[in-house]
Structures are given as C-alpha cells and as structure tokens.
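See below for structure-v8.tsv, which holds TSV, C-alpha atoms and all ligand atoms.
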chain	number	residue	atom	x	y	z
A	286	MET	CA	1.98	-18.63	54.56
A	287	ASN	CA	5.12	-18.58	52.42
A	288	ARG	CA	4.11	-21.80	50.85
A	289	PHE	CA	0.72	-20.43	49.94
A	290	TYR	CA	2.29	-17.50	48.09
A	291	GLN	CA	4.76	-19.79	46.35
A	292	ASN	CA	1.95	-21.93	45.07
A	293	THR	CA	-0.08	-18.93	44.00
A	294	ALA	CA	2.92	-17.55	42.13
A	295	ARG	CA	3.38	-20.88	40.40
A	296	VAL	CA	-0.26	-21.02	39.34
A	297	CYS	CA	-0.06	-17.44	38.05
A	298	ALA	CA	3.07	-18.25	36.05
A	299	VAL	CA	1.36	-21.22	34.44
A	300	LEU	CA	-1.74	-19.15	33.61
A	301	LEU	CA	0.39	-16.37	32.16
A	302	LEU	CA	2.31	-18.82	29.99
A	303	GLY	CA	-1.00	-20.19	28.72
A	304	LEU	CA	-2.19	-16.71	27.81
A	305	LEU	CA	1.04	-15.93	25.98
A	306	LEU	CA	0.86	-19.14	23.97
A	307	GLY	CA	-2.76	-18.43	23.11
A	308	ALA	CA	-1.87	-14.95	21.92
A	309	CYS	CA	0.87	-16.34	19.68
A	310	ASP	CA	-1.58	-18.77	18.13
A	311	LYS	CA	-3.97	-15.97	17.29
A	312	ALA	CA	-1.24	-13.78	15.78
A	313	GLU	CA	-0.32	-16.58	13.41
A	314	THR	CA	-3.82	-17.25	12.14
A	315	ALA	CA	-4.70	-13.54	11.75
A	316	SER	CA	-1.69	-12.46	9.67
A	317	TYR	CA	-3.81	-10.52	7.13
A	318	SER	CA	-4.19	-6.83	7.87
A	319	ASP	CA	-6.14	-4.36	5.76
A	320	ALA	CA	-4.14	-1.44	7.16
A	321	PRO	CA	-2.14	0.66	4.68
A	322	THR	CA	1.59	0.12	4.37
A	323	ALA	CA	4.32	2.69	3.77
A	324	PHE	CA	5.48	3.45	0.23
A	325	HIS	CA	8.96	2.20	-0.53
A	326	PRO	CA	11.33	4.36	-2.63
A	327	SER	CA	11.43	1.67	-5.33
A	328	ASP	CA	7.65	1.00	-5.49
A	329	GLU	CA	6.23	1.09	-9.01
A	330	CYS	CA	2.74	2.23	-9.97
A	331	HIS	CA	0.41	-0.70	-10.59
A	332	VAL	CA	-0.99	1.00	-13.71
A	333	CYS	CA	1.83	2.92	-15.40
A	334	GLY	CA	4.88	1.22	-13.89
A	335	MET	CA	6.62	4.46	-12.97
A	336	ILE	CA	8.54	4.91	-9.73
A	337	ILE	CA	5.94	6.40	-7.38
A	338	SER	CA	8.35	8.29	-5.12
A	339	GLU	CA	9.51	10.46	-8.04
A	340	PHE	CA	6.21	12.36	-8.14
A	341	PRO	CA	4.75	14.99	-5.83
A	342	GLY	CA	1.21	14.90	-4.52
A	343	PRO	CA	-1.03	12.27	-2.95
A	344	LYS	CA	-0.73	8.61	-3.94
A	345	GLY	CA	-3.18	5.73	-3.88
A	346	GLN	CA	-2.99	2.29	-2.33
A	347	VAL	CA	-5.36	-0.68	-2.53
A	348	VAL	CA	-5.02	-3.35	0.16
A	349	GLU	CA	-6.60	-6.70	-0.60
A	350	ARG	CA	-6.27	-10.18	0.85
A	351	ASN	CA	-4.17	-11.18	-2.15
A	352	GLY	CA	-1.79	-8.24	-1.87
A	353	VAL	CA	-1.17	-4.50	-1.90
A	354	LYS	CA	-1.32	-2.38	-5.06
A	355	LYS	CA	0.26	1.06	-5.14
A	356	PHE	CA	-0.51	3.91	-7.52
A	357	CYS	CA	1.41	7.05	-8.52
A	358	SER	CA	-1.62	9.29	-7.99
A	359	THR	CA	-5.13	9.31	-6.57
A	360	ALA	CA	-6.56	9.63	-10.09
A	361	GLU	CA	-4.59	6.61	-11.31
A	362	MET	CA	-5.98	4.48	-8.48
A	363	LEU	CA	-9.54	5.74	-8.98
A	364	GLY	CA	-9.34	5.07	-12.72
A	365	TRP	CA	-8.24	1.52	-11.97
A	366	TRP	CA	-10.98	1.11	-9.35
A	367	LEU	CA	-13.69	2.33	-11.75
A	368	GLN	CA	-13.13	-0.77	-13.86
A	369	PRO	CA	-15.68	-3.31	-12.59
A	370	GLU	CA	-13.28	-6.26	-12.82
A	371	ASN	CA	-11.15	-4.64	-10.14
A	372	HIS	CA	-13.95	-4.47	-7.57
A	373	HIS	CA	-13.28	-6.97	-4.80
A	374	ASP	CA	-15.31	-6.97	-1.62
A	375	ASP	CA	-12.31	-7.07	0.67
A	376	ALA	CA	-10.49	-4.17	-1.01
A	377	LYS	CA	-9.60	-1.17	1.11
A	378	LEU	CA	-8.66	2.03	-0.74
A	379	TYR	CA	-6.31	4.60	0.73
A	380	VAL	CA	-5.04	8.04	-0.28
A	381	HIS	CA	-2.71	10.52	1.42
A	382	ASP	CA	-4.27	13.19	3.59
A	383	MET	CA	-2.73	16.35	2.14
A	384	GLY	CA	-4.05	18.38	5.06
A	385	ARG	CA	-1.32	16.75	7.13
A	386	SER	CA	1.46	16.38	4.53
A	387	PRO	CA	3.68	18.70	2.52
A	388	TRP	CA	2.63	18.48	-1.15
A	389	ASP	CA	6.04	17.30	-2.36
A	390	ALA	CA	6.41	14.63	0.34
A	391	PRO	CA	3.13	12.95	1.28
A	392	ASN	CA	3.37	11.35	4.70
A	393	ASP	CA	2.55	7.62	4.84
A	394	ALA	CA	1.48	8.04	8.47
A	395	TYR	CA	-1.58	9.84	7.08
A	396	LEU	CA	-3.07	7.41	4.60
A	397	ILE	CA	-6.86	7.74	4.87
A	398	ASP	CA	-9.92	5.89	3.61
A	399	ALA	CA	-10.31	6.97	-0.03
A	400	LYS	CA	-14.08	6.47	0.04
A	401	THR	CA	-14.68	9.12	2.72
A	402	ALA	CA	-12.02	11.58	1.54
A	403	PHE	CA	-12.64	15.00	-0.03
A	404	TYR	CA	-10.95	15.65	-3.40
A	405	VAL	CA	-10.00	18.98	-4.92
A	406	ILE	CA	-9.91	19.03	-8.72
A	407	GLY	CA	-8.78	21.90	-10.93
A	408	THR	CA	-5.88	23.28	-8.89
A	409	ASN	CA	-2.57	24.21	-10.48
A	410	LEU	CA	-0.71	21.71	-8.32
A	411	LYS	CA	1.58	19.20	-10.00
A	412	GLY	CA	1.00	15.50	-9.58
A	413	ALA	CA	1.81	12.27	-11.37
A	414	MET	CA	-0.27	10.57	-14.08
A	415	GLY	CA	-3.79	11.76	-14.75
A	416	VAL	CA	-5.80	14.66	-13.48
A	417	VAL	CA	-4.59	15.98	-10.11
A	418	LEU	CA	-6.99	15.17	-7.30
A	419	ALA	CA	-5.77	16.55	-3.98
A	420	SER	CA	-7.15	14.33	-1.21
A	421	PHE	CA	-8.13	15.43	2.31
A	422	SER	CA	-9.77	13.88	5.35
A	423	ASP	CA	-11.05	17.30	6.39
A	424	GLN	CA	-13.70	19.05	4.30
A	425	GLN	CA	-12.63	22.52	5.43
A	426	ALA	CA	-9.01	21.87	4.43
A	427	ALA	CA	-10.23	20.78	0.99
A	428	GLU	CA	-12.45	23.84	0.61
A	429	LYS	CA	-9.63	26.09	1.70
A	430	LEU	CA	-7.35	24.72	-1.04
A	431	ALA	CA	-10.13	25.06	-3.62
A	432	THR	CA	-10.66	28.70	-2.62
A	433	ILE	CA	-6.97	29.61	-2.61
A	434	ASN	CA	-5.79	27.61	-5.61
A	435	GLY	CA	-8.90	27.40	-7.72
A	436	GLY	CA	-10.81	24.21	-8.24
A	437	ARG	CA	-13.75	22.49	-6.63
A	438	VAL	CA	-14.36	19.81	-4.03
A	439	LEU	CA	-15.60	16.36	-5.02
A	440	ARG	CA	-16.58	13.28	-3.03
A	441	PHE	CA	-15.52	9.73	-3.93
A	442	ALA	CA	-18.87	8.97	-5.57
A	443	ASP	CA	-18.61	12.07	-7.79
A	444	ILE	CA	-15.48	10.78	-9.48
A	445	ASP	CA	-16.12	8.86	-12.68
A	446	GLN	CA	-14.22	8.39	-15.94
A	447	ALA	CA	-15.57	11.71	-17.25
A	448	VAL	CA	-14.09	13.54	-14.26
A	449	LEU	CA	-10.78	11.74	-14.66
A	450	GLN	CA	-10.57	12.71	-18.32
A	451	GLN	CA	-11.84	16.28	-18.16
A	452	GLN	CA	-8.32	17.72	-18.05
A	453	PRO	CA	-5.30	16.77	-20.09
A	454	ALA	CA	-3.02	14.46	-18.16
A	455	MET	CA	-0.53	16.50	-16.18
A	456	HIS	CA	2.79	14.94	-16.92
A	457	HIS	CA	5.54	15.42	-14.44
A	458	ASP	CA	8.70	16.72	-16.07
A	459	MET	CA	10.66	13.51	-15.99
A	460	HIS	CA	13.58	14.69	-18.08
A	501	CU1	CU	0.82	5.57	-12.45

Translate the structure of the given file into structure tokens.
Ligand code: CU1
Amino acid sequence: MNRFYQNTARVCAVLLLGLLLGACDKAETASYSDAPTAFHPSDECHVCGMIISEFPGPKGQVVERNGVKKFCSTAEMLGWWLQPENHHDDAKLYVHDMGRSPWDAPNDAYLIDAKTAFYVIGTNLKGAMGVVLASFSDQQAAEKLATINGGRVLRFADIDQAVLQQQPAMHHDMH
C-alpha cells in the first residue's frame, strides 16, 4: 500500500516537472504582449519630444511588435495615427479612461482601447499638445462631461485632421 502511494507520488512529481518545463518554454517563445505599459516619469512624446508626465489629461500609447510609442495627448497620438505610413496591422492604440482617473493624474491602470473610446472635444480642460480630447470608456461619462463643461462627444472614426485642427493648439504653460 505504502509503496503504491510512493510510486504514485513519484509519477506525479515527474508529470508536474514536465508541465512546469513546458510552461517555461511557452513563456519564452511568447514574449510579445500587446497590453499597454505604464508611463514612466521620463517618457518623451513620440511626436513632440516633451516629457509626457508634465502635462495633465489623457495620454496615448501605441503598442506594436517592434516597440511601444507614447504620446503626450490623445490628439497627438491620433494625429500620428492618421498618417497612413504609421498604420501597421499589429498596432494596438490605447488612451486613458478619464472616467476612472483624476484629470491631472491619469491612471495607467485604466488604459483603454482607443478605437472604442468616446472622446469629448471643446471642453475648457487643459491638456498637452493639440486639441484636447478627453477619452472615456463609458459613453454616459463622456456625455456628462460634455454637458457640464461644454463640448461634444466623438467616436474614433469621427476624428480626422480637420477635427484635430479645428481649435488652436492648447499649450500647457511650461514656463
Ligand atoms: Cu507630444
């Protein structure tokens, strides 16, 4: 009886070891992740080169197989994305969900798919480079901001170069 259990335990240990080794193998081959990463205090905007953390409001992030690009604002990322040469099939676009973040300190735990987000344009909120587009995962949260602060709600597909240029760039007071 004892011997039977000993043998069973031995077989189980061998099987378990095999599973663990297999899992390690997989982790090594699948190192690419298209999940968003946190913004670092020294990250610079891919377009304008400014330090992203110095600005309030939602930021943009593009995750591709060949790397991650970070942007000081949603508008700056969308302007970059609207250029056809930047369209890559594997690109994932992210923006902060301002329904779950204070405006001055967007929370990297709530980076959402930029293509399904709701954007509020025309508020008096301060952002970084370009027109301020406040991004939300929740339509009602976006509409609430538009009602309270002025502005209107746009979808990803509504945003083109004309939208991005319809207001003068809102420069953050850097001095
Ligand atoms: Cu920028």

Find the nearest atom pair between each residue of chain A and ligand CU1 501 (chain A) for residues within 7 Å, count only C-alpha atoms and all ligand atoms, give distances in Å to one decimal, sort rows by chain and ascending number, and present the table as a tab-separated table.
residue	atom	partner	partner_atom	distance
A:Cys330	CA	A:CU1_501	CU	4.6
A:His331	CA	A:CU1_501	CU	6.6
A:Val332	CA	A:CU1_501	CU	5.1
A:Cys333	CA	A:CU1_501	CU	4.1
A:Gly334	CA	A:CU1_501	CU	6.1
A:Met335	CA	A:CU1_501	CU	5.9
A:Phe356	CA	A:CU1_501	CU	5.4
A:Cys357	CA	A:CU1_501	CU	4.2
A:Ser358	CA	A:CU1_501	CU	6.3
A:Glu361	CA	A:CU1_501	CU	5.6
A:Ala413	CA	A:CU1_501	CU	6.9
A:Met414	CA	A:CU1_501	CU	5.4

Report summary line: What separates atom CA of A:Ala402 and atom CA of A:Gln424 is a distance of 8.1 Å

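Interatomic distance, atom CA of A:Trp388 against atom CA of A:Ser327: 19.4 Å.
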
Report task. Fewer than 6 positions away in the same chain doesn't count, so skip those; otherwise give me all residues within 9 Å of A:Ser338, counting all atoms listed in the file, as a list in words. Result ->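 Once the nearby chain positions are removed, what remains is Phe324, His325, Pro326, Ser327, Asp328, Glu329, Cys357 and Ala390 of chain A.
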
Report task. For atom CA of A:Gly435 and atom CA of A:Trp366, quote the distance in Å rounded to one decimal. Result ->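 That distance, rounded to one decimal, is 26.4 Å.
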
Query raised in the report: So which one's closest to A:Met362, A:Val438, A:Leu410, A:Arg350, A:Tyr379? Using all atoms listed in the file, please.
Result: A:Tyr379

Taking all heavy atoms as the atom set, what does stretch 337-348 of chain A look like once completed, written as a PDB file, in the frame of the given file?
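Result file follows (out33.pdb):
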ATOM      1  N   ILE A 337       6.925   5.528  -8.047  1.00  0.00           N
ATOM      2  CA  ILE A 337       5.940   6.400  -7.380  1.00  0.00           C
ATOM      3  C   ILE A 337       6.599   7.548  -6.634  1.00  0.00           C
ATOM      4  O   ILE A 337       6.115   8.683  -6.659  1.00  0.00           O
ATOM      5  CB  ILE A 337       5.070   5.543  -6.437  1.00  0.00           C
ATOM      6  CG1 ILE A 337       4.233   4.558  -7.268  1.00  0.00           C
ATOM      7  CG2 ILE A 337       4.190   6.421  -5.564  1.00  0.00           C
ATOM      8  CD1 ILE A 337       3.520   3.506  -6.444  1.00  0.00           C
ATOM      9  N   SER A 338       7.734   7.278  -5.977  1.00  0.00           N
ATOM     10  CA  SER A 338       8.350   8.290  -5.120  1.00  0.00           C
ATOM     11  C   SER A 338       8.905   9.478  -5.909  1.00  0.00           C
ATOM     12  O   SER A 338       9.279  10.489  -5.330  1.00  0.00           O
ATOM     13  CB  SER A 338       9.462   7.655  -4.280  1.00  0.00           C
ATOM     14  OG  SER A 338      10.448   7.117  -5.131  1.00  0.00           O
ATOM     15  N   GLU A 339       8.956   9.364  -7.244  1.00  0.00           N
ATOM     16  CA  GLU A 339       9.510  10.460  -8.040  1.00  0.00           C
ATOM     17  C   GLU A 339       8.500  11.568  -8.300  1.00  0.00           C
ATOM     18  O   GLU A 339       8.827  12.583  -8.916  1.00  0.00           O
ATOM     19  CB  GLU A 339      10.042   9.916  -9.373  1.00  0.00           C
ATOM     20  CG  GLU A 339      11.279   9.056  -9.172  1.00  0.00           C
ATOM     21  CD  GLU A 339      11.832   8.491 -10.470  1.00  0.00           C
ATOM     22  OE1 GLU A 339      11.202   8.704 -11.532  1.00  0.00           O
ATOM     23  OE2 GLU A 339      12.883   7.841 -10.412  1.00  0.00           O
ATOM     24  N   PHE A 340       7.255  11.377  -7.857  1.00  0.00           N
ATOM     25  CA  PHE A 340       6.210  12.360  -8.140  1.00  0.00           C
ATOM     26  C   PHE A 340       5.732  13.042  -6.857  1.00  0.00           C
ATOM     27  O   PHE A 340       5.686  12.416  -5.801  1.00  0.00           O
ATOM     28  CB  PHE A 340       5.013  11.674  -8.804  1.00  0.00           C
ATOM     29  CG  PHE A 340       5.356  11.060 -10.128  1.00  0.00           C
ATOM     30  CD1 PHE A 340       5.665   9.716 -10.211  1.00  0.00           C
ATOM     31  CD2 PHE A 340       5.381  11.823 -11.277  1.00  0.00           C
ATOM     32  CE1 PHE A 340       5.991   9.134 -11.430  1.00  0.00           C
ATOM     33  CE2 PHE A 340       5.707  11.261 -12.496  1.00  0.00           C
ATOM     34  CZ  PHE A 340       6.013   9.907 -12.577  1.00  0.00           C
ATOM     35  N   PRO A 341       5.349  14.319  -6.975  1.00  0.00           N
ATOM     36  CA  PRO A 341       4.750  14.990  -5.830  1.00  0.00           C
ATOM     37  C   PRO A 341       3.265  14.628  -5.726  1.00  0.00           C
ATOM     38  O   PRO A 341       2.718  13.965  -6.604  1.00  0.00           O
ATOM     39  CB  PRO A 341       4.913  16.475  -6.181  1.00  0.00           C
ATOM     40  CG  PRO A 341       4.838  16.497  -7.675  1.00  0.00           C
ATOM     41  CD  PRO A 341       5.468  15.199  -8.144  1.00  0.00           C
ATOM     42  N   GLY A 342       2.649  15.054  -4.661  1.00  0.00           N
ATOM     43  CA  GLY A 342       1.210  14.900  -4.520  1.00  0.00           C
ATOM     44  C   GLY A 342       0.786  13.565  -3.943  1.00  0.00           C
ATOM     45  O   GLY A 342       1.596  12.656  -3.765  1.00  0.00           O
ATOM     46  N   PRO A 343      -0.515  13.462  -3.627  1.00  0.00           N
ATOM     47  CA  PRO A 343      -1.030  12.270  -2.950  1.00  0.00           C
ATOM     48  C   PRO A 343      -1.018  11.036  -3.855  1.00  0.00           C
ATOM     49  O   PRO A 343      -1.222  11.125  -5.055  1.00  0.00           O
ATOM     50  CB  PRO A 343      -2.470  12.667  -2.601  1.00  0.00           C
ATOM     51  CG  PRO A 343      -2.841  13.704  -3.607  1.00  0.00           C
ATOM     52  CD  PRO A 343      -1.582  14.458  -3.902  1.00  0.00           C
ATOM     53  N   LYS A 344      -0.769   9.899  -3.249  1.00  0.00           N
ATOM     54  CA  LYS A 344      -0.730   8.610  -3.940  1.00  0.00           C
ATOM     55  C   LYS A 344      -1.930   7.760  -3.516  1.00  0.00           C
ATOM     56  O   LYS A 344      -2.611   8.091  -2.551  1.00  0.00           O
ATOM     57  CB  LYS A 344       0.543   7.844  -3.563  1.00  0.00           C
ATOM     58  CG  LYS A 344       1.791   8.701  -3.493  1.00  0.00           C
ATOM     59  CD  LYS A 344       2.259   9.073  -4.883  1.00  0.00           C
ATOM     60  CE  LYS A 344       3.567   9.826  -4.835  1.00  0.00           C
ATOM     61  NZ  LYS A 344       3.394  11.270  -4.970  1.00  0.00           N
ATOM     62  N   GLY A 345      -2.108   6.652  -4.231  1.00  0.00           N
ATOM     63  CA  GLY A 345      -3.180   5.730  -3.880  1.00  0.00           C
ATOM     64  C   GLY A 345      -2.627   4.357  -3.536  1.00  0.00           C
ATOM     65  O   GLY A 345      -1.539   3.980  -3.990  1.00  0.00           O
ATOM     66  N   GLN A 346      -3.403   3.647  -2.721  1.00  0.00           N
ATOM     67  CA  GLN A 346      -2.990   2.290  -2.330  1.00  0.00           C
ATOM     68  C   GLN A 346      -4.236   1.442  -2.123  1.00  0.00           C
ATOM     69  O   GLN A 346      -5.179   1.872  -1.469  1.00  0.00           O
ATOM     70  CB  GLN A 346      -2.174   2.370  -1.038  1.00  0.00           C
ATOM     71  CG  GLN A 346      -1.617   1.042  -0.606  1.00  0.00           C
ATOM     72  CD  GLN A 346      -0.704   1.167   0.618  1.00  0.00           C
ATOM     73  OE1 GLN A 346      -0.914   0.508   1.603  1.00  0.00           O
ATOM     74  NE2 GLN A 346       0.313   2.024   0.539  1.00  0.00           N
ATOM     75  N   VAL A 347      -4.247   0.247  -2.718  1.00  0.00           N
ATOM     76  CA  VAL A 347      -5.360  -0.680  -2.530  1.00  0.00           C
ATOM     77  C   VAL A 347      -4.828  -1.907  -1.783  1.00  0.00           C
ATOM     78  O   VAL A 347      -3.851  -2.521  -2.226  1.00  0.00           O
ATOM     79  CB  VAL A 347      -5.978  -1.100  -3.881  1.00  0.00           C
ATOM     80  CG1 VAL A 347      -7.063  -2.146  -3.674  1.00  0.00           C
ATOM     81  CG2 VAL A 347      -6.571   0.114  -4.599  1.00  0.00           C
ATOM     82  N   VAL A 348      -5.451  -2.202  -0.649  1.00  0.00           N
ATOM     83  CA  VAL A 348      -5.020  -3.350   0.160  1.00  0.00           C
ATOM     84  C   VAL A 348      -6.102  -4.422   0.061  1.00  0.00           C
ATOM     85  O   VAL A 348      -7.264  -4.188   0.411  1.00  0.00           O
ATOM     86  CB  VAL A 348      -4.804  -2.939   1.625  1.00  0.00           C
ATOM     87  CG1 VAL A 348      -4.357  -4.146   2.445  1.00  0.00           C
ATOM     88  CG2 VAL A 348      -3.772  -1.829   1.715  1.00  0.00           C
TER      89      VAL A 348
END
